[in-house]
Amino acid sequence: MPVLRNIGCLATCRAEGPQGELHPVRDAAVAWRGDRIEWVGAERDLPQAFRGEDGLDAGGALVVPGLVDSHTHLAFGGWRAGEFEQRIAGAGYLEIARRGGGIAATVASTRAASDEELLARCRAHLAGMRSLGVTTVECKSGYGLDLDTEIRLLRIYRRLAEEGPTRIVATLLGAHVVGPEFRDRRAEYVELVIGEMIPRAAVEGLARFCDVFVEESAFTVEEARRILRAGQAAGLGAKLHADQLTAGGGAELAGEVGAVSADHLERISEAGIAALAAAGTVAGSLPLASLYLNQSPLPARRLLEAGVAVAVATDFNPGSAPSWHLPLALTLACTLQRMTPAEALKGATIVAARSVGLEAEVGSVEPGKRADLAVIDAPDPNHWLYHFRPNACRRTIAAGRVVHEAVDA
């Protein structure tokens with residue numbers, strides 16, 4: 001039974017209490033058997049049965065739960081670096097889309113890529129994420145926008161989940177925008193999502209959630225309601241991209257349908273905040289997208305004060321958030337959104353786990369949970385997120401196995 005000893009500060013990140021309560025243990029140890037944690041506490045209280053077991057030394061560092069990136073668009077073809085310069089020159093998200101860029105450009109590249117090309121890219125991205133301490137990743141489709149490619153992307157996620165060691169949560173985002181072949185037949189595209197994509201994803205067990213982008217350039221509230229209700233009827237939980245560019249009622253709809261999360265929310269209304277609070281829906285903060293799009297970020301303090309839990313994720317995608325650096329997103333959540341380091345960390349652990357339906361499995365360091373841990377070269381979360389570095393993660397443990405070790409560790 002492995003034991004991680006000499007932990008200077010263990011942020012257990014249990015669910016109870018306010019978001020800023022990390023339930024830390026000083027001078028701690030963690031023991032696990034197989035892929036499950038068996039004991040957590042102060043090292044001086046380590047039970048005798050564990051004292052002779054093989055040990056790993058945390059070197060007095062900070063240890064946190066394996067991080068959960070609860071919003072990514074992992075599988076895509078190509079990149080969109082040209083749009084970066086266009087935005088700097090003043091072009092907006094919708095203007096770039098009207099020029100044929102944006103999601104449509106990535107759809108073309110993704111459709112043209114082979115399964116093996118997409119798998120190789122995803123594996124490389126996941127390895128980079130693990131090196132930062134990320135052990136669970138939500139992965140959306142949405143760059144196919146036809147039946148065959150959407151299902152192909154979800155099957156790629158299933159293969160990645162089978163390979164491990166990263167825990168994969170797949171989400172059907174066929175309703176990202178209207179597919180290019182259906183620009184003048186949007187009602188037919190909505191029927192394609194409802195009548196073919198959702199049933200196929202559900203029957204094959206390819207997705208845990210159904211997501212819809214509610215926005216002027218994507219889907220209306222009425223269309224999204226139909227799609228999400230169809231997903232729920234097929235056994236898929238509801239998620240939304242909501243209120244990113246305009247206050248379009250996405251958050252209110254998320255509350256109405258009991259969505260597990262509503263993400264973006266840069267333009268959320270007071271009614272939307274109240275709807276999320278009443279439904280217990282997690283607000284998904286994506287500060288990298290706010291940074292790249294030069295937007296005012298999600299109003300985290302208003303949401304937290306209203307009783308809405310706030311997850312923090314990367315939104316990793318080739319256009320508006322071309323980075324899988326979750327620790328950078330956490331630092332931005334602090335500086336741009338005025339979340340405390342503790343609130344941000346909990347937002348990428350137990351709150352993020354809740355937003356992907358895995359709070360009973362991952363997101364905190366407790367007996368019975370999966371043995372996912374990250375050893376961080378910092379004395380505490382405040383110092384870690386204040387002193388930004390390329391990578392402060394010294395070791396990542398996923399399902400009880402060391403899957404990343406810093407070369408100079």
# chains A, B, ... in the order shown; residues from 1 in each chain; ligands from 1
>>> residues_around(residues="Asp377 (chain A)", least_positions_apart="3", cutoff="12 Å", atoms="only C-alpha atoms", output="VMD selection string")
chain A and resid 7 to 9 58 to 64 132 to 133 374 380 to 381 383 to 385 387 to 396 406 408 to 409
>>> write_last_selection(atoms="N, CA and C atoms", output="short mmCIF file (atom, residue, chain, number, x, y, z; two decimals), in the first residue's frame")
data_model
loop_
_atom_site.label_atom_id
_atom_site.label_comp_id
_atom_site.auth_asym_id
_atom_site.auth_seq_id
_atom_site.Cartn_x
_atom_site.Cartn_y
_atom_site.Cartn_z
N ILE A 7 4.12 15.67 3.76
CA ILE A 7 3.31 16.70 3.10
C ILE A 7 3.26 17.91 4.02
N GLY A 8 3.79 19.03 3.54
CA GLY A 8 3.77 20.24 4.37
C GLY A 8 2.35 20.73 4.62
N CYS A 9 1.56 20.82 3.55
CA CYS A 9 0.16 21.25 3.64
C CYS A 9 -0.65 20.41 2.67
N ALA A 58 6.85 13.78 -0.25
CA ALA A 58 6.39 15.03 -0.84
C ALA A 58 7.35 16.18 -0.62
N GLY A 59 8.39 15.95 0.17
CA GLY A 59 9.40 16.98 0.36
C GLY A 59 8.91 18.23 1.07
N GLY A 60 7.88 18.08 1.90
CA GLY A 60 7.36 19.24 2.62
C GLY A 60 6.50 20.16 1.77
N ALA A 61 6.13 19.71 0.57
CA ALA A 61 5.40 20.56 -0.37
C ALA A 61 3.90 20.56 -0.10
N LEU A 62 3.21 21.37 -0.88
CA LEU A 62 1.75 21.40 -0.90
C LEU A 62 1.24 20.21 -1.71
N VAL A 63 0.22 19.55 -1.23
CA VAL A 63 -0.44 18.48 -1.99
C VAL A 63 -1.92 18.83 -2.11
N VAL A 64 -2.43 18.73 -3.34
CA VAL A 64 -3.83 19.04 -3.62
C VAL A 64 -4.46 17.83 -4.33
N LEU A 132 0.77 19.14 -15.27
CA LEU A 132 0.35 20.27 -14.45
C LEU A 132 -0.47 19.84 -13.24
N GLY A 133 -0.74 18.54 -13.11
CA GLY A 133 -1.52 18.05 -11.99
C GLY A 133 -2.96 17.75 -12.31
N ALA A 374 -1.78 15.79 -6.63
CA ALA A 374 -0.74 16.59 -7.27
C ALA A 374 0.15 17.20 -6.19
N ASP A 380 1.78 26.65 0.22
CA ASP A 380 0.33 26.70 0.41
C ASP A 380 -0.31 27.21 -0.88
N PRO A 381 -1.64 27.13 -1.00
CA PRO A 381 -2.29 27.58 -2.23
C PRO A 381 -2.08 29.06 -2.54
N HIS A 383 0.58 30.91 -2.04
CA HIS A 383 1.88 31.12 -2.68
C HIS A 383 1.89 30.51 -4.08
N TRP A 384 1.28 29.36 -4.25
CA TRP A 384 1.25 28.70 -5.55
C TRP A 384 0.62 29.58 -6.61
N LEU A 385 -0.56 30.13 -6.35
CA LEU A 385 -1.27 30.88 -7.36
C LEU A 385 -0.79 32.33 -7.47
N HIS A 387 2.64 33.14 -7.08
CA HIS A 387 3.95 33.06 -7.73
C HIS A 387 3.82 32.18 -8.96
N PHE A 388 3.28 32.76 -10.04
CA PHE A 388 3.03 31.96 -11.23
C PHE A 388 4.34 31.54 -11.88
N ARG A 389 4.41 30.25 -12.21
CA ARG A 389 5.57 29.65 -12.85
C ARG A 389 5.10 28.78 -14.02
N PRO A 390 5.99 28.44 -14.96
CA PRO A 390 5.56 27.55 -16.04
C PRO A 390 4.91 26.27 -15.52
N ASN A 391 5.47 25.70 -14.47
CA ASN A 391 4.87 24.52 -13.87
C ASN A 391 5.46 24.29 -12.49
N ALA A 392 4.63 24.38 -11.47
CA ALA A 392 5.07 24.11 -10.10
C ALA A 392 4.76 22.68 -9.67
N CYS A 393 4.18 21.87 -10.56
CA CYS A 393 3.80 20.51 -10.18
C CYS A 393 5.02 19.60 -10.23
N ARG A 394 5.35 19.00 -9.10
CA ARG A 394 6.51 18.11 -9.01
C ARG A 394 6.15 16.66 -9.31
N ARG A 395 4.94 16.28 -9.00
CA ARG A 395 4.54 14.88 -9.20
C ARG A 395 3.01 14.83 -9.33
N THR A 396 2.54 14.01 -10.26
CA THR A 396 1.10 13.77 -10.41
C THR A 396 0.83 12.29 -10.22
N ALA A 406 8.53 15.54 -12.19
CA ALA A 406 9.41 16.59 -12.71
C ALA A 406 10.83 16.04 -12.84
N ASP A 408 13.69 17.22 -12.40
CA ASP A 408 14.66 17.56 -11.34
C ASP A 408 14.09 17.29 -9.96
N ALA A 409 12.98 16.53 -9.89
CA ALA A 409 12.33 16.26 -8.59
C ALA A 409 13.21 15.29 -7.78
#
>>> residues_around(residues="Glu181 (chain A)", least_positions_apart="3", cutoff="12 Å", atoms="only C-alpha atoms", output="list of chain:residue names")
A:Ala104, A:Val107, A:Ala108, A:Gly144, A:Leu145, A:Asp146, A:Leu147, A:Val177, A:Val178, A:Asp184, A:Arg185, A:Arg186, A:Glu188, A:Tyr189, A:Leu192
>>> write_last_selection(atoms="N, CA and C atoms", output="JSON list (two decimals), in the first residue's frame")
[["chain", "number", "residue", "atom", "x", "y", "z"],
["A", 104, "ALA", "N", -16.43, 27.40, -37.52],
["A", 104, "ALA", "CA", -16.55, 26.80, -38.85],
["A", 104, "ALA", "C", -15.19, 26.38, -39.40],
["A", 107, "VAL", "N", -14.18, 23.21, -37.68],
["A", 107, "VAL", "CA", -14.99, 22.09, -38.17],
["A", 107, "VAL", "C", -14.38, 21.52, -39.44],
["A", 108, "ALA", "N", -14.00, 22.37, -40.37],
["A", 108, "ALA", "CA", -13.41, 21.89, -41.62],
["A", 108, "ALA", "C", -12.13, 21.12, -41.36],
["A", 144, "GLY", "N", -17.57, 18.66, -35.22],
["A", 144, "GLY", "CA", -17.98, 17.81, -36.34],
["A", 144, "GLY", "C", -19.19, 18.41, -37.03],
["A", 145, "LEU", "N", -20.24, 18.65, -36.21],
["A", 145, "LEU", "CA", -21.49, 19.26, -36.67],
["A", 145, "LEU", "C", -22.16, 18.50, -37.81],
["A", 146, "ASP", "N", -21.83, 17.22, -37.91],
["A", 146, "ASP", "CA", -22.63, 16.28, -38.68],
["A", 146, "ASP", "C", -22.64, 14.99, -37.88],
["A", 147, "LEU", "N", -23.54, 14.11, -38.19],
["A", 147, "LEU", "CA", -23.72, 12.93, -37.35],
["A", 147, "LEU", "C", -22.45, 12.09, -37.27],
["A", 177, "VAL", "N", -22.78, 25.14, -32.94],
["A", 177, "VAL", "CA", -23.46, 26.08, -33.83],
["A", 177, "VAL", "C", -24.17, 25.22, -34.87],
["A", 178, "VAL", "N", -24.94, 25.84, -35.73],
["A", 178, "VAL", "CA", -25.62, 25.09, -36.79],
["A", 178, "VAL", "C", -24.57, 24.62, -37.80],
["A", 184, "ASP", "N", -29.15, 27.52, -43.91],
["A", 184, "ASP", "CA", -30.47, 28.03, -44.27],
["A", 184, "ASP", "C", -31.59, 27.06, -43.88],
["A", 185, "ARG", "N", -31.24, 26.04, -43.09],
["A", 185, "ARG", "CA", -32.21, 25.03, -42.68],
["A", 185, "ARG", "C", -32.00, 24.66, -41.21],
["A", 186, "ARG", "N", -31.96, 25.70, -40.36],
["A", 186, "ARG", "CA", -31.57, 25.46, -38.97],
["A", 186, "ARG", "C", -32.54, 24.54, -38.25],
["A", 188, "GLU", "N", -33.97, 21.98, -39.44],
["A", 188, "GLU", "CA", -33.57, 20.61, -39.78],
["A", 188, "GLU", "C", -32.35, 20.19, -38.96],
["A", 189, "TYR", "N", -31.45, 21.15, -38.72],
["A", 189, "TYR", "CA", -30.27, 20.80, -37.93],
["A", 189, "TYR", "C", -30.66, 20.48, -36.48],
["A", 192, "LEU", "N", -31.80, 17.10, -36.45],
["A", 192, "LEU", "CA", -30.69, 16.15, -36.56],
["A", 192, "LEU", "C", -30.08, 15.90, -35.19]]
>>> atom_distance(atom1="CA of Ala275 (chain A)", atom2="CA of Glu252 (chain A)")
5.4 Å
>>> residues_around(residues="Ala309 (chain A)", least_positions_apart="6", cutoff="10 Å", atoms="only C-alpha atoms", output="list in words")
Pro18, Gln19, Ser261, Leu276, Ala277, Gly280, Thr281, Val282, Ala283, Gly284, Ala300, Leu303, Glu343, Lys346, Gly347, Val351, Ala352, Arg354 and Ser355 of chain A
>>> select_by_dssp(residues="region 53-188 of chain A", states="strand (DSSP E or B)", output="list in words")
Gly55, Leu56, Asp57, Leu62, Val63, Val64, Pro65, Leu67, Val68, Asp69, Thr72, Val134, Thr135, Thr136, Val137, Glu138, Cys139, Lys140, Arg167, Ile168, Val169, Ala170, Thr171, Leu172, Leu173, Gly174 and Ala175 of chain A
>>> write_last_selection(atoms="C-alpha atoms", output="mmCIF file, in the first residue's frame")
data_model
loop_
_atom_site.group_PDB
_atom_site.id
_atom_site.type_symbol
_atom_site.label_atom_id
_atom_site.label_comp_id
_atom_site.auth_asym_id
_atom_site.auth_seq_id
_atom_site.Cartn_x
_atom_site.Cartn_y
_atom_site.Cartn_z
ATOM 1 C CA GLY A 55 6.532 5.510 0.648
ATOM 2 C CA LEU A 56 6.740 8.560 -1.556
ATOM 3 C CA ASP A 57 8.203 11.768 -0.133
ATOM 4 C CA LEU A 62 1.749 21.398 -0.904
ATOM 5 C CA VAL A 63 -0.444 18.481 -1.987
ATOM 6 C CA VAL A 64 -3.833 19.035 -3.616
ATOM 7 C CA PRO A 65 -6.403 16.700 -5.169
ATOM 8 C CA LEU A 67 -7.142 18.852 -10.681
ATOM 9 C CA VAL A 68 -10.374 18.570 -12.657
ATOM 10 C CA ASP A 69 -10.623 20.524 -15.919
ATOM 11 C CA THR A 72 -12.518 21.507 -22.684
ATOM 12 C CA VAL A 134 -4.734 17.541 -14.003
ATOM 13 C CA THR A 135 -6.160 14.028 -13.648
ATOM 14 C CA THR A 136 -9.795 14.411 -14.805
ATOM 15 C CA VAL A 137 -10.835 16.156 -18.032
ATOM 16 C CA GLU A 138 -14.276 16.877 -19.474
ATOM 17 C CA CYS A 139 -14.125 16.651 -23.283
ATOM 18 C CA LYS A 140 -16.749 18.056 -25.643
ATOM 19 C CA ARG A 167 -10.311 10.211 -16.229
ATOM 20 C CA ILE A 168 -12.360 11.351 -19.249
ATOM 21 C CA VAL A 169 -15.912 12.723 -19.121
ATOM 22 C CA ALA A 170 -17.443 12.994 -22.592
ATOM 23 C CA THR A 171 -20.067 15.581 -23.536
ATOM 24 C CA LEU A 172 -22.082 15.753 -26.761
ATOM 25 C CA LEU A 173 -21.941 19.313 -28.108
ATOM 26 C CA GLY A 174 -23.609 18.716 -31.443
ATOM 27 C CA ALA A 175 -25.454 21.973 -30.743
#
>>> atom_distance(atom1="CA of Val375 (chain A)", atom2="CA of Glu53 (chain A)")
19.5 Å
>>> residues_around(residues="Asp115 (chain A)", least_positions_apart="3", cutoff="9 Å", atoms="only C-alpha atoms", output="ChimeraX atom specification")
/A:118-120,152-153,156
>>> write_last_selection(atoms="N, CA and C atoms", output="PDB file, in the first residue's frame")
ATOM      1  N   LEU A 118      -6.197  12.731 -34.718  1.00  0.00           N
ATOM      2  CA  LEU A 118      -6.891  13.341 -33.586  1.00  0.00           C
ATOM      3  C   LEU A 118      -6.489  12.682 -32.271  1.00  0.00           C
ATOM      4  N   LEU A 119      -6.373  11.350 -32.278  1.00  0.00           N
ATOM      5  CA  LEU A 119      -5.950  10.656 -31.066  1.00  0.00           C
ATOM      6  C   LEU A 119      -4.557  11.090 -30.628  1.00  0.00           C
ATOM      7  N   ALA A 120      -3.629  11.202 -31.572  1.00  0.00           N
ATOM      8  CA  ALA A 120      -2.268  11.600 -31.221  1.00  0.00           C
ATOM      9  C   ALA A 120      -2.248  12.999 -30.616  1.00  0.00           C
ATOM     10  N   ARG A 152     -17.856  10.192 -34.195  1.00  0.00           N
ATOM     11  CA  ARG A 152     -16.438   9.843 -34.282  1.00  0.00           C
ATOM     12  C   ARG A 152     -15.644  10.496 -33.144  1.00  0.00           C
ATOM     13  N   LEU A 153     -15.916  11.764 -32.859  1.00  0.00           N
ATOM     14  CA  LEU A 153     -15.212  12.443 -31.771  1.00  0.00           C
ATOM     15  C   LEU A 153     -15.522  11.798 -30.421  1.00  0.00           C
ATOM     16  N   ILE A 156     -13.597   8.667 -30.048  1.00  0.00           N
ATOM     17  CA  ILE A 156     -12.201   8.969 -29.700  1.00  0.00           C
ATOM     18  C   ILE A 156     -12.081   9.196 -28.202  1.00  0.00           C
TER      19      ILE A 156
END
>>> closest_residue(among="A:Asp211, A:Asp372, A:Ala321, A:Asn382", to="Cys334 (chain A)", atoms="only C-alpha atoms")
A:Asn382
